[in-house]
file final.cif (mmCIF, C-alpha atoms)
data_start
#
loop_
_atom_site.label_atom_id
_atom_site.label_comp_id
_atom_site.auth_asym_id
_atom_site.auth_seq_id
_atom_site.Cartn_x
_atom_site.Cartn_y
_atom_site.Cartn_z
CA MET A 669 54.91 34.66 -224.78
CA PRO A 670 56.17 31.39 -226.32
CA VAL A 671 54.45 28.24 -225.16
CA VAL A 672 57.57 26.89 -223.45
CA GLY A 673 57.93 30.10 -221.45
CA ALA A 674 54.29 30.09 -220.41
CA VAL A 675 54.38 26.46 -219.29
CA THR A 676 57.62 27.07 -217.36
CA LEU A 677 55.86 29.93 -215.59
CA TYR A 678 52.96 27.66 -214.61
CA VAL A 679 55.44 25.05 -213.32
CA SER A 680 56.97 27.67 -211.02
CA LEU A 681 53.54 28.90 -209.91
CA LEU A 682 52.38 25.35 -209.17
CA THR A 683 55.55 24.57 -207.22
CA PHE A 684 54.96 27.74 -205.14
CA THR A 685 51.29 26.82 -204.56
CA LEU A 686 52.15 23.28 -203.46
CA ARG A 687 54.71 24.62 -201.00
CA VAL A 688 52.63 27.43 -199.49
CA HIS A 689 49.12 25.94 -199.74
CA PRO A 690 49.54 22.17 -199.93
CA ASP A 691 46.07 21.64 -198.43
CA ARG A 692 44.28 23.74 -201.06
CA LEU A 693 43.64 21.41 -203.95
CA ASP A 694 41.39 24.01 -205.55
CA TYR A 695 44.41 26.35 -205.95
CA VAL A 696 46.42 23.56 -207.56
CA ASP A 697 43.54 22.80 -209.94
CA GLN A 698 43.22 26.50 -210.82
CA VAL A 699 46.88 26.65 -211.87
CA LEU A 700 46.42 23.55 -214.05
CA GLY A 701 43.22 25.09 -215.46
CA ALA A 702 45.05 28.32 -216.33
CA CYS A 703 47.67 26.25 -218.18
CA VAL A 704 44.90 24.46 -220.12
CA LYS A 705 43.37 27.83 -221.04
CA LYS A 706 46.76 29.06 -222.29
CA LEU A 707 47.21 25.93 -224.43
CA SER A 708 43.62 25.87 -225.73
CA GLY A 709 43.28 25.90 -229.49
CA LYS A 710 46.70 24.32 -229.92
CA GLU A 711 47.39 20.78 -231.16
CA LYS A 712 49.53 18.34 -229.21
CA LEU A 713 52.83 19.94 -228.27
CA GLU A 714 55.74 19.13 -230.55
CA ASP A 715 58.32 21.39 -228.89
CA SER A 716 60.43 19.00 -226.78
CA ARG A 717 61.24 21.75 -224.25
CA ALA A 718 57.55 22.57 -223.75
CA THR A 719 56.73 18.87 -223.46
CA LYS A 720 59.42 18.46 -220.81
CA GLN A 721 57.88 21.31 -218.80
CA ILE A 722 54.40 19.76 -219.06
CA VAL A 723 55.81 16.53 -217.61
CA ALA A 724 57.34 18.56 -214.76
CA LEU A 725 53.98 20.28 -214.22
CA LEU A 726 52.13 16.95 -214.00
CA SER A 727 54.80 15.30 -211.85
CA ALA A 728 54.76 18.03 -209.18
CA PRO A 729 51.45 16.98 -207.51
CA LEU A 730 52.55 13.33 -207.55
CA GLU A 731 55.82 14.17 -205.79
CA LYS A 732 54.12 16.44 -203.25
CA TYR A 733 51.20 14.26 -202.25
CA SER A 734 52.80 10.83 -202.89
CA ASN A 735 49.28 9.68 -203.69
CA ILE A 736 47.74 9.41 -207.14
CA VAL A 737 44.26 9.47 -205.55
CA THR A 738 44.83 13.14 -204.75
CA ALA A 739 45.84 13.87 -208.34
CA LEU A 740 42.70 12.09 -209.56
CA GLU A 741 40.63 14.72 -207.73
CA LEU A 742 42.13 17.46 -209.92
CA SER A 743 39.68 17.92 -212.79
CA ASN A 744 42.23 19.73 -214.99
CA TYR A 745 44.98 17.11 -214.57
CA PRO A 746 43.83 14.87 -217.47
CA ARG A 747 43.11 17.94 -219.61
CA VAL A 748 46.76 18.99 -219.35
CA MET A 749 47.86 15.45 -220.28
CA ASP A 750 45.83 15.67 -223.49
CA TYR A 751 48.40 18.12 -224.91
CA LEU A 752 51.24 15.59 -224.69
CA ASP A 753 52.25 13.59 -227.77
CA ASN A 754 51.74 9.82 -227.73
CA ALA A 755 55.32 8.97 -226.70
CA THR A 756 55.31 11.44 -223.80
CA THR A 757 51.82 10.31 -222.72
CA LYS A 758 53.31 6.85 -222.23
CA VAL A 759 56.23 8.28 -220.26
CA MET A 760 53.82 10.18 -218.00
CA ALA A 761 51.66 7.06 -217.58
CA LEU A 762 54.73 5.12 -216.43
CA VAL A 763 55.56 7.92 -213.96
CA ILE A 764 52.04 7.61 -212.53
CA ILE A 765 52.28 3.80 -212.21
CA GLN A 766 55.74 4.04 -210.63
CA SER A 767 54.37 6.54 -208.10
CA ILE A 768 51.60 4.09 -207.17
CA MET A 769 54.13 1.25 -206.79
CA LYS A 770 56.61 3.30 -204.80
CA ASN A 771 53.99 4.54 -202.34
CA THR A 772 51.93 1.30 -202.38
CA THR A 773 48.86 3.38 -203.06
CA CYS A 774 45.60 1.45 -202.85
CA ILE A 775 42.96 2.66 -205.29
CA SER A 776 39.71 1.25 -204.01
CA THR A 777 36.76 2.58 -206.01
CA SER A 778 35.70 1.92 -209.58
CA ASP A 779 35.24 5.65 -210.25
CA LYS A 780 38.84 6.41 -209.27
CA ILE A 781 40.06 3.48 -211.38
CA GLU A 782 38.07 4.77 -214.35
CA ALA A 783 39.84 8.13 -213.97
CA LEU A 784 43.22 6.43 -213.49
CA PHE A 785 42.88 4.28 -216.61
CA ASP A 786 41.94 7.40 -218.56
CA LEU A 787 45.29 8.90 -217.50
CA ILE A 788 47.32 5.83 -218.49
CA LYS A 789 45.36 5.05 -221.67
CA GLY A 790 48.58 5.43 -223.68
CA LEU A 791 49.78 2.14 -222.18
CA ILE A 792 46.57 0.12 -222.31
CA LYS A 793 45.37 0.75 -225.87
CA ASP A 794 46.60 2.01 -229.23
CA MET A 795 46.47 5.79 -229.48
CA ASP A 796 45.47 7.55 -232.70
CA GLY A 797 48.44 7.53 -235.05
CA ALA A 798 50.60 5.54 -232.62
CA GLN A 799 52.74 2.74 -234.01
CA ASP A 800 53.66 0.14 -231.42
CA ASP A 801 55.68 -1.69 -234.05
CA GLU A 802 58.24 1.11 -233.81
CA LEU A 803 58.64 0.55 -230.07
CA ASP A 804 61.51 -1.56 -228.80
CA GLU A 805 60.24 -5.01 -227.79
CA GLU A 806 61.88 -4.88 -224.34
CA ASP A 807 60.42 -1.41 -223.65
CA PHE A 808 56.97 -2.62 -224.68
CA LYS A 809 57.21 -5.64 -222.36
CA GLU A 810 58.29 -3.42 -219.48
CA GLU A 811 55.34 -1.07 -220.08
CA GLN A 812 52.83 -3.91 -220.13
CA ASN A 813 54.37 -5.58 -217.07
CA SER A 814 53.91 -2.26 -215.25
CA VAL A 815 50.21 -2.27 -216.16
CA ALA A 816 49.96 -5.91 -215.01
CA ARG A 817 51.54 -5.02 -211.65
CA LEU A 818 49.15 -2.07 -211.32
CA ILE A 819 46.12 -4.36 -211.64
CA HIS A 820 47.26 -6.26 -208.54
CA MET A 821 47.31 -2.97 -206.58
CA LEU A 822 43.57 -2.40 -207.06
CA HIS A 823 41.67 -3.64 -204.02
CA ASN A 824 38.57 -3.11 -201.94
CA ASP A 825 37.42 -5.17 -198.97
CA ASP A 826 33.82 -4.71 -200.06
CA HIS A 827 33.01 -7.59 -202.42
CA ASP A 828 30.49 -5.72 -204.56
CA GLU A 829 32.81 -2.75 -205.07
CA MET A 830 35.68 -5.11 -205.90
CA LEU A 831 33.49 -6.70 -208.58
CA LYS A 832 32.84 -3.24 -210.06
CA ILE A 833 36.60 -2.64 -210.07
CA LEU A 834 37.19 -5.88 -211.95
CA CYS A 835 34.51 -4.98 -214.51
CA THR A 836 36.10 -1.55 -215.02
CA VAL A 837 39.55 -3.07 -215.52
CA GLN A 838 38.15 -5.67 -217.91
CA LYS A 839 36.44 -2.99 -220.02
CA HIS A 840 39.73 -1.12 -220.47
CA ILE A 841 42.23 -3.92 -220.96
CA LEU A 842 40.13 -5.78 -223.53
CA GLN A 843 40.65 -2.74 -225.78
CA GLY A 844 44.40 -3.35 -225.63
CA GLY A 845 44.69 -5.44 -228.77
CA PRO A 846 46.51 -8.73 -229.42
CA LYS A 847 49.97 -7.56 -228.33
CA ARG A 848 48.88 -6.36 -224.89
CA LEU A 849 46.34 -8.98 -223.82
CA PRO A 850 48.86 -11.76 -222.98
CA PHE A 851 50.44 -9.41 -220.41
CA THR A 852 47.32 -7.91 -218.83
CA VAL A 853 44.68 -10.67 -218.95
CA PRO A 854 46.52 -13.02 -216.51
CA SER A 855 46.70 -10.25 -213.89
CA LEU A 856 42.97 -9.60 -214.20
CA VAL A 857 42.21 -13.33 -214.01
CA PHE A 858 44.24 -13.85 -210.83
CA SER A 859 42.80 -10.71 -209.21
CA ALA A 860 39.33 -12.06 -209.94
CA LEU A 861 40.26 -15.51 -208.58
CA LYS A 862 41.47 -13.81 -205.41
CA LEU A 863 37.96 -12.38 -205.00
CA VAL A 864 36.45 -15.81 -205.73
CA ARG A 865 38.48 -17.29 -202.85
CA ARG A 866 37.08 -14.60 -200.54
CA LEU A 867 33.54 -15.42 -201.67
CA GLN A 868 34.04 -19.18 -201.46
CA GLY A 869 30.84 -20.95 -200.44
CA GLN A 870 28.51 -18.13 -201.47
CA ASP A 871 26.04 -18.51 -204.31
CA GLY A 872 23.21 -16.61 -205.87
CA ASP A 873 21.34 -15.57 -208.96
CA VAL A 874 23.62 -14.11 -211.62
CA THR A 875 21.06 -12.48 -213.90
CA GLY A 876 21.09 -8.71 -214.33
CA GLU A 877 23.78 -6.10 -213.91
CA GLU A 878 23.40 -4.98 -210.30
CA VAL A 879 23.54 -8.39 -208.64
CA PRO A 880 25.74 -8.98 -205.57
CA ALA A 881 29.20 -10.40 -206.16
CA THR A 882 29.00 -14.19 -206.35
CA PRO A 883 31.50 -16.78 -207.61
CA LYS A 884 29.18 -17.58 -210.56
CA LYS A 885 29.09 -13.95 -211.65
CA ILE A 886 32.89 -13.69 -211.47
CA PHE A 887 33.36 -16.93 -213.39
CA GLN A 888 31.18 -15.50 -216.17
CA ILE A 889 33.50 -12.49 -216.36
CA LEU A 890 36.55 -14.75 -216.33
CA HIS A 891 35.16 -16.86 -219.17
CA GLN A 892 34.60 -13.75 -221.30
CA THR A 893 38.05 -12.42 -220.49
CA ILE A 894 39.97 -15.61 -221.31
CA GLU A 895 37.89 -16.03 -224.46
CA ALA A 896 39.34 -12.73 -225.71
CA LEU A 897 42.78 -14.37 -225.78
CA GLN A 898 41.63 -16.88 -228.38
CA CYS A 899 41.59 -14.26 -231.14
CA ILE A 900 45.34 -13.66 -230.76
CA PRO A 901 45.79 -16.73 -230.67
CA CYS A 902 47.50 -17.66 -227.44
CA PRO A 903 46.27 -21.22 -226.70
CA GLU A 904 48.89 -22.28 -224.15
CA LEU A 905 48.20 -19.26 -221.93
CA SER A 906 44.42 -19.62 -222.34
CA LEU A 907 44.61 -23.29 -221.37
CA ARG A 908 46.58 -22.50 -218.20
CA LEU A 909 44.04 -19.84 -217.19
CA TYR A 910 41.07 -22.14 -217.88
CA LEU A 911 42.64 -24.78 -215.62
CA GLN A 912 43.24 -22.22 -212.84
CA CYS A 913 39.57 -21.23 -213.06
CA ALA A 914 38.49 -24.88 -213.01
CA GLU A 915 40.43 -25.45 -209.80
CA ALA A 916 38.85 -22.37 -208.21
CA ALA A 917 35.38 -23.57 -209.28
CA ASN A 918 36.20 -26.92 -207.67
CA ASP A 919 36.93 -25.18 -204.37
CA CYS A 920 33.59 -23.35 -204.64
CA ASP A 921 31.67 -26.63 -205.22
CA LEU A 922 30.51 -25.49 -208.66
CA GLU A 923 30.73 -28.70 -210.69
CA PRO A 924 29.06 -27.42 -213.91
CA VAL A 925 31.37 -24.38 -213.99
CA ALA A 926 34.48 -26.48 -213.38
CA TYR A 927 33.43 -28.94 -216.09
CA GLU A 928 32.88 -26.08 -218.57
CA PHE A 929 36.37 -24.69 -217.93
CA PHE A 930 37.86 -28.16 -218.45
CA THR A 931 35.85 -28.51 -221.66
CA GLN A 932 37.32 -25.25 -222.97
CA ALA A 933 40.82 -26.42 -222.04
CA PHE A 934 40.31 -29.69 -223.94
CA ILE A 935 38.97 -27.84 -226.99
CA LEU A 936 42.09 -25.67 -227.03
CA TYR A 937 44.31 -28.74 -226.70
CA GLU A 938 42.58 -30.52 -229.57
CA GLU A 939 42.18 -27.62 -231.97
CA GLU A 940 44.89 -25.07 -231.24
CA ILE A 941 47.97 -26.70 -229.71
CA ALA A 942 49.92 -28.44 -232.46
CA ASP A 943 53.53 -28.18 -231.29
CA SER A 944 54.61 -31.47 -229.69
CA LYS A 945 56.51 -29.85 -226.80
CA ALA A 946 53.56 -27.56 -226.06
CA GLN A 947 51.25 -30.59 -226.09
CA ILE A 948 53.41 -32.39 -223.51
CA THR A 949 53.40 -29.37 -221.18
CA ALA A 950 49.67 -28.81 -221.63
CA LEU A 951 48.86 -32.46 -221.01
CA HIS A 952 50.82 -32.63 -217.76
CA LEU A 953 49.06 -29.43 -216.61
CA ILE A 954 45.70 -31.05 -217.37
CA ILE A 955 46.67 -34.23 -215.51
CA GLY A 956 47.94 -32.30 -212.48
CA THR A 957 44.82 -30.13 -212.26
CA LEU A 958 42.39 -33.01 -212.81
CA GLN A 959 44.11 -35.00 -210.06
CA ARG A 960 43.32 -32.22 -207.56
CA MET A 961 39.62 -32.01 -208.54
CA ASN A 962 37.19 -33.61 -206.11
CA ILE A 963 33.91 -32.01 -207.18
CA PHE A 964 33.14 -34.17 -210.21
CA GLY A 965 30.58 -36.92 -210.16
CA VAL A 966 31.40 -40.37 -211.56
CA GLU A 967 30.16 -39.64 -215.08
CA ASN A 968 31.93 -36.30 -215.53
CA ARG A 969 35.15 -37.55 -214.00
CA ASP A 970 35.16 -40.67 -216.19
CA THR A 971 34.65 -38.52 -219.29
CA LEU A 972 37.55 -36.22 -218.43
CA THR A 973 39.96 -38.99 -217.37
CA HIS A 974 39.12 -41.02 -220.49
CA LYS A 975 39.88 -38.00 -222.68
CA THR A 976 43.13 -37.32 -220.83
CA THR A 977 44.44 -40.88 -221.07
CA GLY A 978 43.47 -40.90 -224.72
CA TYR A 979 45.51 -37.74 -225.38
CA SER A 980 48.47 -39.27 -223.54
CA ALA A 981 48.64 -42.27 -225.84
CA LYS A 982 48.54 -40.05 -228.95
CA LEU A 983 51.64 -37.95 -228.29
CA LEU A 984 54.19 -38.01 -231.07
CA LYS A 985 57.17 -39.65 -229.34
CA LYS A 986 56.94 -42.97 -227.51
CA PRO A 987 58.90 -41.80 -224.42
CA ASP A 988 56.52 -38.83 -224.08
CA GLN A 989 53.54 -41.18 -224.46
CA CYS A 990 54.93 -43.46 -221.77
CA ARG A 991 55.51 -40.65 -219.25
CA ALA A 992 52.08 -39.12 -219.85
CA VAL A 993 50.32 -42.48 -219.49
CA TYR A 994 52.02 -43.38 -216.19
CA ALA A 995 51.27 -39.85 -214.94
CA CYS A 996 47.58 -40.59 -215.65
CA SER A 997 47.74 -43.38 -213.05
CA HIS A 998 47.48 -40.66 -210.37
CA LEU A 999 44.02 -39.77 -211.66
CA PHE A 1000 42.70 -43.06 -210.28
CA TRP A 1001 44.17 -42.97 -206.76
CA THR A 1002 44.10 -39.93 -204.51
CA ASP A 1003 44.81 -39.69 -200.82
CA ASP A 1004 42.05 -37.18 -200.08
CA GLN A 1005 39.11 -38.14 -197.93
CA ASP A 1006 36.45 -39.68 -200.21
CA GLY A 1007 39.09 -39.64 -202.94
CA ILE A 1008 39.24 -41.91 -205.96
CA MET A 1009 40.75 -45.32 -205.21
CA ASP A 1010 40.60 -47.55 -208.27
CA GLY A 1011 43.55 -49.93 -208.11
CA GLU A 1012 42.53 -51.80 -211.27
CA ARG A 1013 42.75 -48.68 -213.43
CA VAL A 1014 46.03 -47.64 -211.80
CA LEU A 1015 47.46 -51.02 -212.76
CA LEU A 1016 46.06 -50.72 -216.29
CA CYS A 1017 47.81 -47.35 -216.74
CA LEU A 1018 51.13 -48.72 -215.50
CA LYS A 1019 50.87 -51.84 -217.69
CA ARG A 1020 50.06 -49.66 -220.68
CA ALA A 1021 53.09 -47.48 -219.91
CA LEU A 1022 55.23 -50.65 -219.79
CA ARG A 1023 53.96 -51.73 -223.21
CA ILE A 1024 54.78 -48.30 -224.65
CA ALA A 1025 58.26 -48.39 -223.04
CA ASN A 1026 58.82 -51.82 -224.59
CA ALA A 1027 57.73 -50.48 -227.99
CA ALA A 1028 60.16 -47.58 -227.58
CA GLN A 1029 62.95 -50.10 -226.88
CA GLN A 1030 62.10 -52.04 -230.03
CA MET A 1031 62.07 -48.87 -232.13
CA ALA A 1032 65.49 -47.93 -230.74
CA ASN A 1033 66.75 -51.41 -231.61
CA VAL A 1034 65.55 -51.04 -235.23
CA SER A 1035 66.89 -47.52 -235.74
CA LYS A 1036 70.13 -47.65 -233.69
CA GLY A 1037 70.96 -51.32 -233.48
CA SER A 1038 70.71 -51.33 -229.68
CA SER A 1039 67.84 -51.58 -227.24
CA GLY A 1040 68.46 -48.07 -225.92
CA SER A 1041 68.29 -46.73 -222.40
CA VAL A 1042 66.18 -48.48 -219.76
CA ILE A 1043 65.35 -45.14 -218.13
CA LEU A 1044 61.61 -45.47 -218.89
CA PHE A 1045 61.42 -48.86 -217.17
CA ILE A 1046 63.14 -47.43 -214.08
CA GLU A 1047 60.71 -44.48 -213.99
CA ILE A 1048 57.78 -46.92 -214.19
CA LEU A 1049 59.35 -49.03 -211.41
CA ASN A 1050 59.34 -45.95 -209.19
CA LYS A 1051 55.65 -45.42 -209.93
CA TYR A 1052 54.99 -49.05 -208.97
CA LEU A 1053 56.85 -48.50 -205.69
CA TYR A 1054 54.83 -45.34 -204.99
CA PHE A 1055 51.51 -47.13 -205.38
CA PHE A 1056 52.85 -50.24 -203.62
CA GLU A 1057 53.42 -48.11 -200.52
CA LYS A 1058 49.93 -46.64 -200.87
CA GLY A 1059 48.60 -50.14 -200.34
CA ILE A 1060 46.99 -50.81 -203.71
CA PRO A 1061 46.20 -54.54 -203.55
CA GLN A 1062 46.72 -55.09 -207.30
CA ILE A 1063 50.38 -54.06 -207.04
CA THR A 1064 52.21 -56.86 -205.27
CA ASN A 1065 55.84 -57.51 -204.43
CA THR A 1066 55.84 -60.17 -207.16
CA VAL A 1067 54.95 -57.56 -209.80
CA ILE A 1068 57.74 -55.29 -208.58
CA GLN A 1069 60.24 -58.20 -208.47
CA ASP A 1070 59.39 -59.08 -212.07
CA LEU A 1071 59.93 -55.48 -213.18
CA ILE A 1072 63.33 -55.34 -211.45
CA GLU A 1073 64.36 -58.53 -213.26
CA LEU A 1074 63.10 -57.09 -216.55
CA ILE A 1075 65.28 -54.00 -216.11
CA ARG A 1076 68.33 -56.16 -215.33
CA THR A 1077 67.67 -58.28 -218.43
CA GLU A 1078 67.29 -55.21 -220.65
CA LYS A 1079 70.55 -53.80 -219.30
CA GLN A 1080 72.39 -57.04 -220.06
CA ASN A 1081 70.97 -57.19 -223.61
CA ASP A 1082 72.03 -53.62 -224.35
CA SER A 1083 75.24 -53.94 -226.40
CA SER A 1084 75.88 -50.20 -226.51
CA ALA A 1085 77.63 -48.18 -223.82
CA SER A 1086 75.57 -47.95 -220.64
CA ASP A 1087 73.72 -44.76 -219.75
CA PRO A 1088 75.36 -43.33 -216.58
CA SER A 1089 72.21 -41.48 -215.52
CA ALA A 1090 70.10 -44.65 -215.89
CA GLU A 1091 72.69 -46.68 -213.93
CA ALA A 1092 72.68 -44.14 -211.12
CA PHE A 1093 68.88 -43.93 -211.12
CA PHE A 1094 68.48 -47.72 -210.91
CA ALA A 1095 71.12 -48.05 -208.19
CA SER A 1096 69.40 -45.32 -206.17
CA THR A 1097 66.02 -47.07 -206.56
CA LEU A 1098 67.49 -50.38 -205.31
CA ARG A 1099 69.09 -48.59 -202.34
CA TYR A 1100 65.68 -47.13 -201.52
CA ILE A 1101 64.14 -50.61 -201.49
CA GLU A 1102 66.88 -51.85 -199.11
CA PHE A 1103 66.40 -48.79 -196.92
CA GLN A 1104 62.65 -49.49 -196.66
CA LYS A 1105 63.41 -53.10 -195.71
CA GLN A 1106 65.62 -51.96 -192.84
CA LYS A 1107 62.92 -49.69 -191.46
CA GLY A 1108 61.08 -52.67 -190.04
CA GLY A 1109 57.45 -52.51 -189.06
CA SER A 1110 54.67 -52.72 -191.64
CA ILE A 1111 56.77 -51.00 -194.35
CA GLY A 1112 59.67 -53.39 -193.80
CA GLU A 1113 57.33 -56.37 -194.03
CA LYS A 1114 55.92 -55.14 -197.34
CA TYR A 1115 59.40 -54.89 -198.88
CA GLU A 1116 60.85 -58.03 -197.22
CA GLN A 1117 60.17 -60.39 -200.13
CA ILE A 1118 61.58 -58.04 -202.79
CA LYS A 1119 65.18 -58.94 -203.72
CA ALA A 1120 66.95 -55.76 -204.69
CA SER A 1121 70.51 -57.09 -204.64
#

call {"tool": "encode", "arguments": {"input": "final.cif", "output": "structure tokens"}}
result
Amino acid sequence: MPVVGAVTLYVSLLTFTLRVHPDRLDYVDQVLGACVKKLSGKEKLEDSRATKQIVALLSAPLEKYSNIVTALELSNYPRVMDYLDNATTKVMALVIIQSIMKNTTCISTSDKIEALFDLIKGLIKDMDGAQDDELDEEDFKEEQNSVARLIHMLHNDDHDEMLKILCTVQKHILQGGPKRLPFTVPSLVFSALKLVRRLQGQDGDVTGEEVPATPKKIFQILHQTIEALQCIPCPELSLRLYLQCAEAANDCDLEPVAYEFFTQAFILYEEEIADSKAQITALHLIIGTLQRMNIFGVENRDTLTHKTTGYSAKLLKKPDQCRAVYACSHLFWTDDQDGIMDGERVLLCLKRALRIANAAQQMANVSKGSSGSVILFIEILNKYLYFFEKGIPQITNTVIQDLIELIRTEKQNDSSASDPSAEAFFASTLRYIEFQKQKGGSIGEKYEQIKAS
């Protein structure tokens, strides 16, 4: 009997078995085993009709039980899949993942996940003789996004078992190669961080393999996982993940771990990120994350803030330098309890931003014959107002009044056509000052001496 006829027969027999004896998994496995025996000695199927029937054979248990965990108990299920060609193995792997998504199946043990990843190996690593370069880019992205979504479906309430699950996933996805890692590593990282949040406040020894799940142990795994991205290279993504881990370590009161993640982020910024736009984005991410950190001691925090402000002043374009430097002012004044409150350094950042904005104006005057837009000065004015309301003693109404007059002078000296967005921004800022005056009370008193009109 031709192979296609034999496989069609087994499809019919399996359909009958699932309908009459749905509770007898051993019968289902026997039918699959008989199919394997019939196909034994043959290479991967090349007949498209036979391949189609194999897919139907493998899909039948998924459709009947609506639970991949049941299919994972069938010992002959993966043996049947081995006869599919690489392209069809991927198709079947997508069918399995879609079944899990559709039925929101929770796979909660590392052994089951090991078996599952063996079934979908066509999506998570290069198969022998497979050429991913021939695959359409959109199809490849969709496949890898499916794997990424699958990782978020893996869960166990038991912390130690969840750690085993993460280790199993890590072992498989790190074999995925440079094209797959940017899709799958972030999912693993955020699943691990979810476990870290559950373990928050716990600690323990991290030596050995069979230790209980602790934040330190998970952070070790995360460090290894993100490090794998550096061989691609994918510095912007790695930097984002390092900063996420640093913030989680901060919440777990693990200062050395948080500092190490920041160190890795800085190394990536210095050595790997060369594009000016990417540097701007990375720097603002660093500033935003560092602002939320409250675990660092004086020495470590000073080191990190000094580095960050230094990077800000070295950006290529003056306007970008200015915006990064005034953003750094938030590193020296936080509203949290026991937060940093250093008004002198806030003022130094804002004055430095003003000097850079003035330099940008002069450069515009040399290159374009006009002083250029005053938008940077207005942005800095808004920062002054923010910290003025926070009650920083070094920022007085006199300083703000002088800055308002400076903006008006710059606008008058600008011989070119005015910038409508800057005009609207400045007018809105002045309206805000008047509005605060009219509020009365302590806020009104603070603003009373500022002449906005």

call {"tool": "closest_atom_pairs", "arguments": {"input": "final.cif", "of": "segment 920-1006 of chain A", "to": "segment 1049-1059 of chain A", "cutoff": "10 Å", "atoms": "all atoms listed in the file", "output": "CSV"}}
result
residue,atom,partner,partner_atom,distance
A:Tyr994,CA,A:Lys1051,CA,7.5
A:Ala995,CA,A:Lys1051,CA,8.7
A:Ser997,CA,A:Lys1051,CA,8.7
A:His998,CA,A:Phe1055,CA,9.1
A:Trp1001,CA,A:Phe1055,CA,8.5
A:Thr1002,CA,A:Lys1058,CA,9.6
A:Asp1003,CA,A:Lys1058,CA,8.6

call {"tool": "residues_around", "arguments": {"input": "final.cif", "residues": "Pro670 of chain A", "least_positions_apart": "3", "cutoff": "12 Å", "atoms": "all atoms listed in the file", "output": "ChimeraX atom specification"}}
result
/A:673-677,706-707,715,717-718

call {"tool": "resolve_selection", "arguments": {"input": "final.cif", "expression": "the PyMOL selection byres ((chain A and resi 735-742) around 7)", "output": "PyMOL selection string"}}
result
chain A and resi 697+729-730+733-734+743-745+768+773+775+780+783-784

call {"tool": "residues_near_point", "arguments": {"input": "final.cif", "point": "(42.6, -6.2, -203.3)", "cutoff": "9 Å", "atoms": "only C-alpha atoms", "output": "VMD selection string"}}
result
chain A and resid 774 776 820 to 825 830 859 862 to 863

call {"tool": "resolve_selection", "arguments": {"input": "final.cif", "expression": "the PyMOL selection byres ((chain A and resi 981) around 12)", "output": "ChimeraX atom specification"}}
result
/A:947-948,951,974-980,982-996,1017,1020-1021,1023-1025

call {"tool": "closest_residue", "arguments": {"input": "final.cif", "among": "A:Ala942, A:Val672, A:Leu936, A:Ala761", "to": "Glu895 of chain A", "atoms": "all atoms listed in the file"}}
result
A:Leu936

call {"tool": "residues_around", "arguments": {"input": "final.cif", "residues": "Asp919 of chain A", "least_positions_apart": "4", "cutoff": "10 Å", "atoms": "all atoms listed in the file", "output": "count of residues only"}}
result
12

call {"tool": "closest_residue", "arguments": {"input": "final.cif", "among": "A:Thr719, A:Gln892, A:Glu806, A:Pro1061", "to": "Val853 of chain A", "atoms": "all atoms listed in the file"}}
result
A:Gln892

call {"tool": "atom_distance", "arguments": {"input": "final.cif", "atom1": "atom CA of Pro1088 of chain A", "atom2": "atom CA of Leu1044 of chain A"}}
result
14.1 Å

call {"tool": "atom_distance", "arguments": {"input": "final.cif", "atom1": "atom CA of Ser1089 of chain A", "atom2": "atom CA of Ile1043 of chain A"}}
result
8.2 Å

call {"tool": "residues_near_point", "arguments": {"input": "final.cif", "point": "(53.5, 23.3, -208.4)", "cutoff": "12 Å", "atoms": "all atoms listed in the file", "output": "ChimeraX atom specification"}}
result
/A:675-690,692-693,695-700,703,721-733

call {"tool": "write_last_selection", "arguments": {"input": "final.cif", "atoms": "C-alpha atoms", "output": "short mmCIF file (atom, residue, chain, number, x, y, z; two decimals), keeping the file's coordinate frame"}}
result
data_model
loop_
_atom_site.label_atom_id
_atom_site.label_comp_id
_atom_site.auth_asym_id
_atom_site.auth_seq_id
_atom_site.Cartn_x
_atom_site.Cartn_y
_atom_site.Cartn_z
CA VAL A 675 54.38 26.46 -219.29
CA THR A 676 57.62 27.07 -217.36
CA LEU A 677 55.86 29.93 -215.59
CA TYR A 678 52.96 27.66 -214.61
CA VAL A 679 55.44 25.05 -213.32
CA SER A 680 56.97 27.67 -211.02
CA LEU A 681 53.54 28.90 -209.91
CA LEU A 682 52.38 25.35 -209.17
CA THR A 683 55.55 24.57 -207.22
CA PHE A 684 54.96 27.74 -205.14
CA THR A 685 51.29 26.82 -204.56
CA LEU A 686 52.15 23.28 -203.46
CA ARG A 687 54.71 24.62 -201.00
CA VAL A 688 52.63 27.43 -199.49
CA HIS A 689 49.12 25.94 -199.74
CA PRO A 690 49.54 22.17 -199.93
CA ARG A 692 44.28 23.74 -201.06
CA LEU A 693 43.64 21.41 -203.95
CA TYR A 695 44.41 26.35 -205.95
CA VAL A 696 46.42 23.56 -207.56
CA ASP A 697 43.54 22.80 -209.94
CA GLN A 698 43.22 26.50 -210.82
CA VAL A 699 46.88 26.65 -211.87
CA LEU A 700 46.42 23.55 -214.05
CA CYS A 703 47.67 26.25 -218.18
CA GLN A 721 57.88 21.31 -218.80
CA ILE A 722 54.40 19.76 -219.06
CA VAL A 723 55.81 16.53 -217.61
CA ALA A 724 57.34 18.56 -214.76
CA LEU A 725 53.98 20.28 -214.22
CA LEU A 726 52.13 16.95 -214.00
CA SER A 727 54.80 15.30 -211.85
CA ALA A 728 54.76 18.03 -209.18
CA PRO A 729 51.45 16.98 -207.51
CA LEU A 730 52.55 13.33 -207.55
CA GLU A 731 55.82 14.17 -205.79
CA LYS A 732 54.12 16.44 -203.25
CA TYR A 733 51.20 14.26 -202.25
#
